[in-house]
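Participant: Before I ask anything, here is the structure I am working with.
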Amino acid sequence: MQLSDGHVDPEFGGVLDLFESFLAEDPLYSAQVSVYLQGRKVVDLVGGPDFNPGDITGTYSCSKGVAACVVALLVQDGILDLEQRMAHYWPEFAVHGKGGLTVAQALSHQAGLLGIEGGFRLDEFTTEAAAEKLAAAEPLWLPGTTFGYHALTIGILMEELCRRTAGISLQELYDSRLRVPLDIDFFLGLPEDQEPRYRNVLYDVDDSLPWEDPLSLDGLNSNSGVSSIMELPNHRIIRANGMSSAGGVGSAGGLARLYAAAITGVDGGAAFLTEATISAMTQERVWGLDRSSGQDNAFAVGFMKAHPSRNFGSYRAFGHEGANAALGFADPSYGIGFGYVPRRQEDGRTPGRAHRLAHAVRQAAVASSNSAEAAVRS
Amino acid sequence: MQLSDGHVDPEFGGVLDLFESFLAEDPLYSAQVSVYLQGRKVVDLVGGPDFNPGDITGTYSCSKGVAACVVALLVQDGILDLEQRMAHYWPEFAVHGKGGLTVAQALSHQAGLLGIEGGFRLDEFTTEAAAEKLAAAEPLWLPGTTFGYHALTIGILMEELCRRTAGISLQELYDSRLRVPLDIDFFLGLPEDQEPRYRNVLYDVDDSLPWEDPLSLDGLNSNSGVSSIMELPNHRIIRANGMSSAGGVGSAGGLARLYAAAITGVDGGAAFLTEATISAMTQERVWGLDRSSGQDNAFAVGFMKAHPSRNFGSYRAFGHEGANAALGFADPSYGIGFGYVPRRQEDGRTPGRAHRLAHAVRQAAVASSNSAEAAVRS
Amino acid sequence: MQLSDGHVDPEFGGVLDLFESFLAEDPLYSAQVSVYLQGRKVVDLVGGPDFNPGDITGTYSCSKGVAACVVALLVQDGILDLEQRMAHYWPEFAVHGKGGLTVAQALSHQAGLLGIEGGFRLDEFTTEAAAEKLAAAEPLWLPGTTFGYHALTIGILMEELCRRTAGISLQELYDSRLRVPLDIDFFLGLPEDQEPRYRNVLYDVDDSLPWEDPLSLDGLNSNSGVSSIMELPNHRIIRANGMSSAGGVGSAGGLARLYAAAITGVDGGAAFLTEATISAMTQERVWGLDRSSGQDNAFAVGFMKAHPSRNFGSYRAFGHEGANAALGFADPSYGIGFGYVPRRQEDGRTPGRAHRLAHAVRQAAVASSNSAEAAVRS
């Protein structure tokens with residue numbers, strides 16, 4: 001019985017088995033998983049009734065990891081210094097005690113700018129007007145004392161830093177430096193001609209939830225003029241503008257290829273990030289109870305790091321997951337680029353499907369490496 | 001069926017319904033809830049067999065929020081600087097590595113002075129002698145590295161700062177500046193003639209608890225010569241002295257009126273705190289696992305802040321809850337002053353009754369504001 | 001029915017009762033518990049089918065507390081300054097942003113050096129080569145931002161500091177200054193002639209655990225060429241070299257005697273640590289969610305501190321537990337030295353057996369002290 005379509009290298013048979021076990025145990029389950037090892041595609045699978053090859057869908061905060069790859073280019077180009085103060089690049093930021101906050105602090109969710117009263121309109125997230133409002137805001141905690149996930153606003157910060165340093169939008173820079181030249185099937189700003197490929201994210205609405213105070217921390221964090229942030233990528237305006245925090249759409253293959261290109265290169269090309277850039281961008285900056293969710297979280301600059309409840313990779317792994325449990329990451333310890341995209345929202349905490357697949361991938365990579373060494377020796 | 005007595009504005013019918021549902025589902029449940037909106041009393045309810053109109057009872061750590069309002073006056077008067085070192089006002093404090101600790105740090109539970117060996121006598125908490133013992137103590141952790149709820153001792157710190165800066169007791173300042181002129185039915189020091197109104201807090205004793213080491217952190221934190229801190233307000237000496245940490249007694253109406261007076265004013269008067277004072281006093285200073293309880297907590301100077309497990313208000317809300325689940329807070333985002341006082345101890349963590357009522361209040365406030373705007377427009 | 005062998009002072013009958021209740025409820029349970037009060041042995045019990053008097057076994061991270069007693073001697077001798085930078089004593093340490101890290105930070109699990117790629121061999125842990133590898137490593141988080149339990153590597157740090165300051169190995173210093181002169185039945189390096197006394201630690205292997213990524217934080221933390229760190233003390237090479245992090249073996253009596261000797265002295269001798277040394281070494285430095293385990297933890301320099309989930313002593317208590325739930329600590333508030341060693345691995349979190357026994361010990365110590373005072377008065 002062939003449950004999934006696509007390609008798997010023989011050494012990654014365990015990943016195929018696991019993926020097919022997911023498909024077998026839930027007839028509605030539909031997902032894509034894709035893996036590069038040392039720049040070579042070794043897994044590229046799609047399965048389930050709601051996904052066909054070539055489909056793309058929303059990935060929510062996986063977008064943040066993609067945008068952080070663009071920020072990494074600014075750092076590598078020498079036009080953005082992570083240890084510099086935000087206000088150095090963005091003088092309006094230096095109000096209400098935020099003058100000393102560094103770029104690295106702000107981009108590791110320490111700014112205390114989860115949202116603003118009144119929220120942002122769907123067409124506003126990628127604008128300078130949104131950045132202006134955020135810069136003027138009073139931080140929700142004394143800067144430097146804690147961190148909390150900036151679900152929608154971290155994208156505004158990354159985008160403004162890009163405008164202030166590179167002079168163009170983060171989305172334009174992504175297209176010109178990464179997506180087009182590297183042929184990445186992941187979009188921050190989905191072109192009209194790609195729209196027919198888009199499949200709405202499926203999710204269940206929890207009607208039991210009471211009214212949410214838009215001025216609670218949770219409310220500020222998700223205040224975007226929609227009844228649930230799950231709606232976001234299903235709005236054309238969000239896909240079209242490709243907001244860095246949650247507007248990216250694409251395939252598992254696109255995520256895996258981007259992360260592989262970052263650390264090993266693909267198709268024989270060089271990695272687009274140097275070791276020094278990877279070190280600076282991906283060293284962990286914060287860990288502990290997240291002030292926004294109340295759950296444990298770990299962040300580097302822009303990227304999520306693996307930790308006990310998000311156990312997706314080695315100590316060097318960096319990436320980001322999305323609200324639907326989509327996941328994209330690079331693992332430099334193994335030379336892995338990984339993408340996972342489900343059609344229907346699922347639980348992304350360990351041991352979620354994405355983390356189990358990522359685990360099987362690393363196990364196979366180690367076995368493959370051991371047998372390659374044995375072959376060389378014999 | 002009328003289950004409760006009192007007043008509810010029509011827009012707050014949802015709050016009445018919720019309160020009556022609590023009364024209906026538990027025949028022993030007795031409580032008071034009171035709300036001001038923009039300085040006007042909109043809810044004032046009492047219900048259940050163990051409470052009559054005019055009754056007052058213990059509120060435990062709600063007292064800390066009331067005392068913090070007095071500290072806010074010291075800040076507003078310019079005689080206490082939150083960023084100044086404690087030892088500036090209180091030189092004896094500068095021992096055992098505590099010399100650099102600021103007022104804001106100490107009053108946000110960062111001092112590491114949960115208690116002292118031997119504990120304090122019931123008649124000692126509000127005295128200079130208690131302050132002297134605390135100043136001489138070695139902190140339980142390296143100053144600046146963490147925070148933990150100072151259940152009984154934060155009152156000693158607030159009171160000594162008041163004596164050192166204003167020259168009179170915190171209780172006297174509260175009476176002369178707030179309780180008497182604003183007619184607040186909440187007492188830090190219950191006058192003899194109000195005693196007939198006092199109703200003992202009801203609570204169940206957990207006999208299954210083993211002996212508690214008085215020198216464990218828990219033991220130090222509650223070491224007060226009583227078998228349970230639940231006893232405290234039921235002792236006349238505690239009510240009479242009105243210790244800032246746990247000795248305040250009053251009604252839900254008193255708490256709501258005080259917090260309304262702080263941010264909007266009542267009866268047409270001005271708010272007694274300025275926006276600048278509110279900002280300085282209520283910005284969050286610490287968040288995370290509390291070293292004392294091991295649970296999550298969030299504090300500003302003196303006040304509790306809302307967070308996922310204590311989800312009582314907007315990002316600007318500040319107040320304090322008590323060990324019996326009493327709750328008093330102000331929410332400047334909505335112009336709300338809120339008080340809740342149960343007769344019998346209950347669980348105060350989200351979604352406890354107080355938090356559900358506070359949620360219904362904000363929902364009604366938003367709806368009321370929306371319909372008022374609609375009326376203006378039409 | 002006599003279930004246990006050994007000695008109990010009459011005042012500690014409650015401890016005997018509790019220990020015998022453990023033996024009665026589990027016929028396979030075998031353990032040792034030993035207590036000194038003010039330098040006098042008051043409890044010394046062994047029970048169960050798998051332990052005879054004179055047996056010794058592995059204690060895992062109890063070793064860290066023993067090694068920290070040696071570090072305390074370096075501090076007391078004035079040759080190691082806890083607030084000095086690691087690199088002052090160990091220049092090679094000052095790479096990858098670790099130049100500013102202090103001794104106290106490194107020895108309270110803040111260095112971010114949980115392990116290295118490839119791990120350490122069993123015969124490598126106590127060597128300079130291991131220290132060299134660790135000093136060269138990039139920290140897993142930005143130094144100063146968090147802490148995480150260094151299960152195997154903190155011993156390497158303590159041992160290298162000993163070599164760099166005292167010029168001899170930590171194990172040699174332990175033998176010459178503590179074990180031999182004080183007749184402590186606990187070994188960092190078990191002599192061949194003591195081998196017949198050693199009983200393998202018993203533990204259940206969890207076959208349901210999936211492959212562990214050796215480059216995950218968990219994997220790095222336990223990477224030692226064994227399939228489970230539970231194996232470690234059952235290897236002769238580990239016992240022989242006595243690695244400071246997990247290679248110590250001995251009896252409950254040895255642990256209790258060492259900690260008693262540290263704070264009160266034994267057999268009429270003076271305490272080997274001064275009050276000043278105890279203060280410096282045992283003040284808590286970190287508390288919160290441990291980056292390695294994801295659970296709450298509290299550490300001083302080298303030692304564990306009691307906290308809600310590890311509730312073994314008073315605010316002044318310091319010690320360490322092991323992976324098998326062995327526990328050794330001193331409690332200066334009560335003049336207690338305590339040791340507990342089970343033969344079979346058990347759960348050490350509160351309310352584990354060791355913590356319940358430690359609780360009964362303190363309760364008895366208070367009662368004994370009260371009756372002694374009463375006798376003096378009458």
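Note on naming: chains are A, B, ... as they come in the structure tokens, residues start from 1 per chain, ligands start from 1 in the order shown.
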Show which residues sit within 12 Å of segment 169-171 of chain A, as number ranges by chain. Count only C-alpha atoms, and ignore same-chain residues fewer than 2 positions away.
Facilitator: A: 63-64, 66-74, 126-128, 155-167, 173-180, 186-191, 239-245, 247-248
Participant: Would you please extract all helix (DSSP H, G or I) residues from segment 86-184 of chain C, as assigned by DSSP on the backbone, and give them as a VMD selection string?
Facilitator: chain C and resid 86 to 89 91 to 93 103 to 106 128 to 135 153 to 166 170 to 182
Participant: Please write the residues from the selection above to a file, keeping N, CA and C atoms, as a short mmCIF file (atom, residue, chain, number, x, y, z; two decimals), in the first residue's frame.
Facilitator:
```cif
data_model
loop_
_atom_site.label_atom_id
_atom_site.label_comp_id
_atom_site.auth_asym_id
_atom_site.auth_seq_id
_atom_site.Cartn_x
_atom_site.Cartn_y
_atom_site.Cartn_z
N MET C 86 36.80 32.97 35.77
CA MET C 86 37.40 31.65 35.50
C MET C 86 38.74 31.80 34.80
N ALA C 87 38.77 32.71 33.81
CA ALA C 87 39.96 32.86 32.98
C ALA C 87 41.17 33.36 33.76
N HIS C 88 40.95 33.95 34.92
CA HIS C 88 42.06 34.38 35.77
C HIS C 88 42.91 33.18 36.16
N TYR C 89 42.25 32.10 36.49
CA TYR C 89 42.97 30.89 36.89
C TYR C 89 43.27 29.99 35.69
N PRO C 91 43.43 30.58 31.77
CA PRO C 91 43.37 31.52 30.63
C PRO C 91 42.71 30.92 29.38
N GLU C 92 42.90 29.63 29.14
CA GLU C 92 42.32 28.99 27.95
C GLU C 92 40.80 29.04 27.95
N PHE C 93 40.21 29.31 29.10
CA PHE C 93 38.75 29.34 29.23
C PHE C 93 38.15 30.56 28.52
N VAL C 103 33.98 32.37 38.58
CA VAL C 103 34.02 31.03 39.17
C VAL C 103 32.66 30.67 39.75
N ALA C 104 32.06 31.59 40.48
CA ALA C 104 30.75 31.31 41.09
C ALA C 104 29.70 31.02 40.02
N GLN C 105 29.73 31.77 38.92
CA GLN C 105 28.77 31.50 37.85
C GLN C 105 29.00 30.12 37.25
N ALA C 106 30.26 29.83 36.94
CA ALA C 106 30.55 28.54 36.30
C ALA C 106 30.16 27.38 37.21
N GLU C 128 43.15 16.30 32.45
CA GLU C 128 43.36 17.65 31.91
C GLU C 128 42.88 17.76 30.47
N ALA C 129 42.95 16.63 29.75
CA ALA C 129 42.49 16.65 28.35
C ALA C 129 41.01 16.99 28.28
N ALA C 130 40.23 16.46 29.21
CA ALA C 130 38.80 16.77 29.23
C ALA C 130 38.59 18.26 29.50
N ALA C 131 39.33 18.79 30.43
CA ALA C 131 39.22 20.21 30.77
C ALA C 131 39.59 21.08 29.57
N GLU C 132 40.60 20.65 28.85
CA GLU C 132 41.04 21.40 27.67
C GLU C 132 39.92 21.47 26.63
N LYS C 133 39.25 20.34 26.39
CA LYS C 133 38.15 20.33 25.43
C LYS C 133 37.01 21.23 25.87
N LEU C 134 36.73 21.20 27.15
CA LEU C 134 35.61 22.00 27.65
C LEU C 134 35.92 23.49 27.57
N ALA C 135 37.14 23.85 27.90
CA ALA C 135 37.52 25.26 27.86
C ALA C 135 37.43 25.81 26.44
N THR C 153 29.79 17.66 33.43
CA THR C 153 30.92 18.55 33.18
C THR C 153 31.27 19.46 34.35
N ILE C 154 30.37 19.64 35.31
CA ILE C 154 30.74 20.53 36.42
C ILE C 154 31.90 19.93 37.20
N GLY C 155 32.00 18.63 37.19
CA GLY C 155 33.14 17.99 37.85
C GLY C 155 34.45 18.33 37.16
N ILE C 156 34.41 18.38 35.86
CA ILE C 156 35.62 18.75 35.10
C ILE C 156 36.06 20.17 35.46
N LEU C 157 35.08 21.07 35.61
CA LEU C 157 35.41 22.45 35.98
C LEU C 157 35.99 22.51 37.39
N MET C 158 35.37 21.84 38.34
CA MET C 158 35.88 21.86 39.71
C MET C 158 37.29 21.27 39.77
N GLU C 159 37.48 20.18 39.05
CA GLU C 159 38.79 19.51 39.11
C GLU C 159 39.90 20.35 38.50
N GLU C 160 39.58 21.03 37.39
CA GLU C 160 40.62 21.85 36.76
C GLU C 160 40.96 23.05 37.65
N LEU C 161 39.93 23.65 38.28
CA LEU C 161 40.20 24.76 39.20
C LEU C 161 41.09 24.30 40.35
N CYS C 162 40.89 23.09 40.81
CA CYS C 162 41.71 22.56 41.90
C CYS C 162 43.16 22.39 41.42
N ARG C 163 43.32 21.78 40.24
CA ARG C 163 44.68 21.62 39.70
C ARG C 163 45.36 22.97 39.53
N ARG C 164 44.60 23.96 39.01
CA ARG C 164 45.21 25.26 38.70
C ARG C 164 45.56 26.05 39.96
N THR C 165 44.82 25.84 41.04
CA THR C 165 45.07 26.65 42.24
C THR C 165 45.89 25.89 43.29
N ALA C 166 45.53 24.61 43.52
CA ALA C 166 46.24 23.85 44.57
C ALA C 166 47.39 23.03 44.01
N LEU C 170 41.74 17.18 42.72
CA LEU C 170 40.69 17.32 43.70
C LEU C 170 40.55 16.05 44.53
N GLN C 171 40.72 14.92 43.87
CA GLN C 171 40.60 13.64 44.58
C GLN C 171 41.71 13.49 45.64
N GLU C 172 42.93 13.90 45.28
CA GLU C 172 44.02 13.83 46.25
C GLU C 172 43.77 14.78 47.43
N LEU C 173 43.28 15.96 47.10
CA LEU C 173 43.01 16.92 48.17
C LEU C 173 41.90 16.41 49.08
N TYR C 174 40.88 15.81 48.48
CA TYR C 174 39.80 15.24 49.28
C TYR C 174 40.34 14.17 50.23
N ASP C 175 41.15 13.30 49.71
CA ASP C 175 41.69 12.23 50.55
C ASP C 175 42.54 12.77 51.70
N SER C 176 43.43 13.73 51.35
CA SER C 176 44.40 14.16 52.37
C SER C 176 43.79 15.12 53.39
N ARG C 177 42.81 15.91 52.97
CA ARG C 177 42.27 16.90 53.90
C ARG C 177 40.99 16.43 54.59
N LEU C 178 40.23 15.56 53.92
CA LEU C 178 38.92 15.23 54.48
C LEU C 178 38.75 13.73 54.76
N ARG C 179 38.86 12.90 53.73
CA ARG C 179 38.49 11.50 53.91
C ARG C 179 39.34 10.78 54.96
N VAL C 180 40.63 10.89 54.83
CA VAL C 180 41.49 10.13 55.73
C VAL C 180 41.48 10.71 57.15
N PRO C 181 41.77 12.02 57.30
CA PRO C 181 41.83 12.53 58.68
C PRO C 181 40.48 12.45 59.41
N LEU C 182 39.37 12.56 58.66
CA LEU C 182 38.06 12.57 59.32
C LEU C 182 37.38 11.21 59.27
#
```
Participant: Taking only C-alpha atoms into account and nothing else, which residues of chain B lie no more than 10 Å away from chain A? Please answer as a PyMOL selection string.
Facilitator: chain B and resi 279-280+282-289+296-300+306-309+311-317+333-334+356+359-360+362-363+366
Participant: Mind giving me the straight-line distance from atom CA of Gly335 of chain B to atom CA of Gly39 of chain B in Å, one decimal?
Facilitator: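 Going from atom CA of Gly335 of chain B over to atom CA of Gly39 of chain B covers 7.5 Å.
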Participant: Could you jot down the atom CA of Val35 of chain A to atom CA of Gly253 of chain A separation for me, Å, one decimal place?
Facilitator: 7.4 Å
Participant: With distances taken over only C-alpha atoms, which residue among B:Glu192, B:Asn324, B:Leu255, B:Ala31 lies nearest Asp204 of chain B?
Facilitator: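 Of the candidates, the smallest distance to Asp204 of chain B is held by B:Asn324.
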Participant: Write down as a compact mmCIF listing (two decimals) with C-alpha atoms, in the first residue's frame the residues of segment 91-297 of chain C whose backbone DSSP state falls under strand (DSSP E).
Facilitator:
```txt
# COMPACT_ATOMS: atom_id res chain seq x y z
CA PHE C 186 32.82 8.07 51.05
CA PHE C 187 35.28 7.83 48.18
CA VAL C 249 30.73 5.85 46.06
CA GLY C 250 30.17 5.30 49.74
CA VAL C 286 20.33 30.53 40.47
CA TRP C 287 16.72 29.43 40.60
CA GLY C 288 14.09 28.69 37.97
CA LEU C 289 13.50 26.40 35.03
CA ASP C 296 12.84 23.77 38.48
CA ASN C 297 16.23 23.77 40.12
```
Participant: Between atom CA of Gly112 of chain C and atom CA of Gly148 of chain C, what is the spacing in Å?
Facilitator: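 We find that atom CA of Gly148 of chain C and atom CA of Gly112 of chain C lie 7.0 Å from each other.
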Participant: Extract, using only C-alpha atoms, all DNA, RNA and protein residues at most 7 Å from Ser34 of chain B, discarding same-chain residues fewer than 6 positions from it, and format them as a list of chain:residue names.
Facilitator: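 So the residues in contact are B:Val43, B:Asp44, B:Leu45, B:Ala252, B:Gly253, B:Ala256, B:Phe338, B:Gly339, B:Tyr340.
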Participant: Which one is closest to Gly58 of chain C: C:Tyr203, C:Phe329, C:Tyr29, C:Tyr149? Count only C-alpha atoms.
Facilitator: C:Tyr203
Participant: Which is closest to Gln110 of chain A among A:Pro351, A:Gly54, A:Gly302, A:Gly265, if we use only C-alpha atoms?
Facilitator: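 Among A:Pro351, A:Gly54, A:Gly302, A:Gly265, it is A:Gly302 that comes nearest to Gln110 of chain A.
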Participant: Using only C-alpha atoms, which of C:Leu152, C:Leu114, C:Ile278, C:Ala270 sits nearest Ile229 of chain C?
Facilitator: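 Comparing C:Leu152, C:Leu114, C:Ile278, C:Ala270 against Ile229 of chain C, the winner is C:Leu152.
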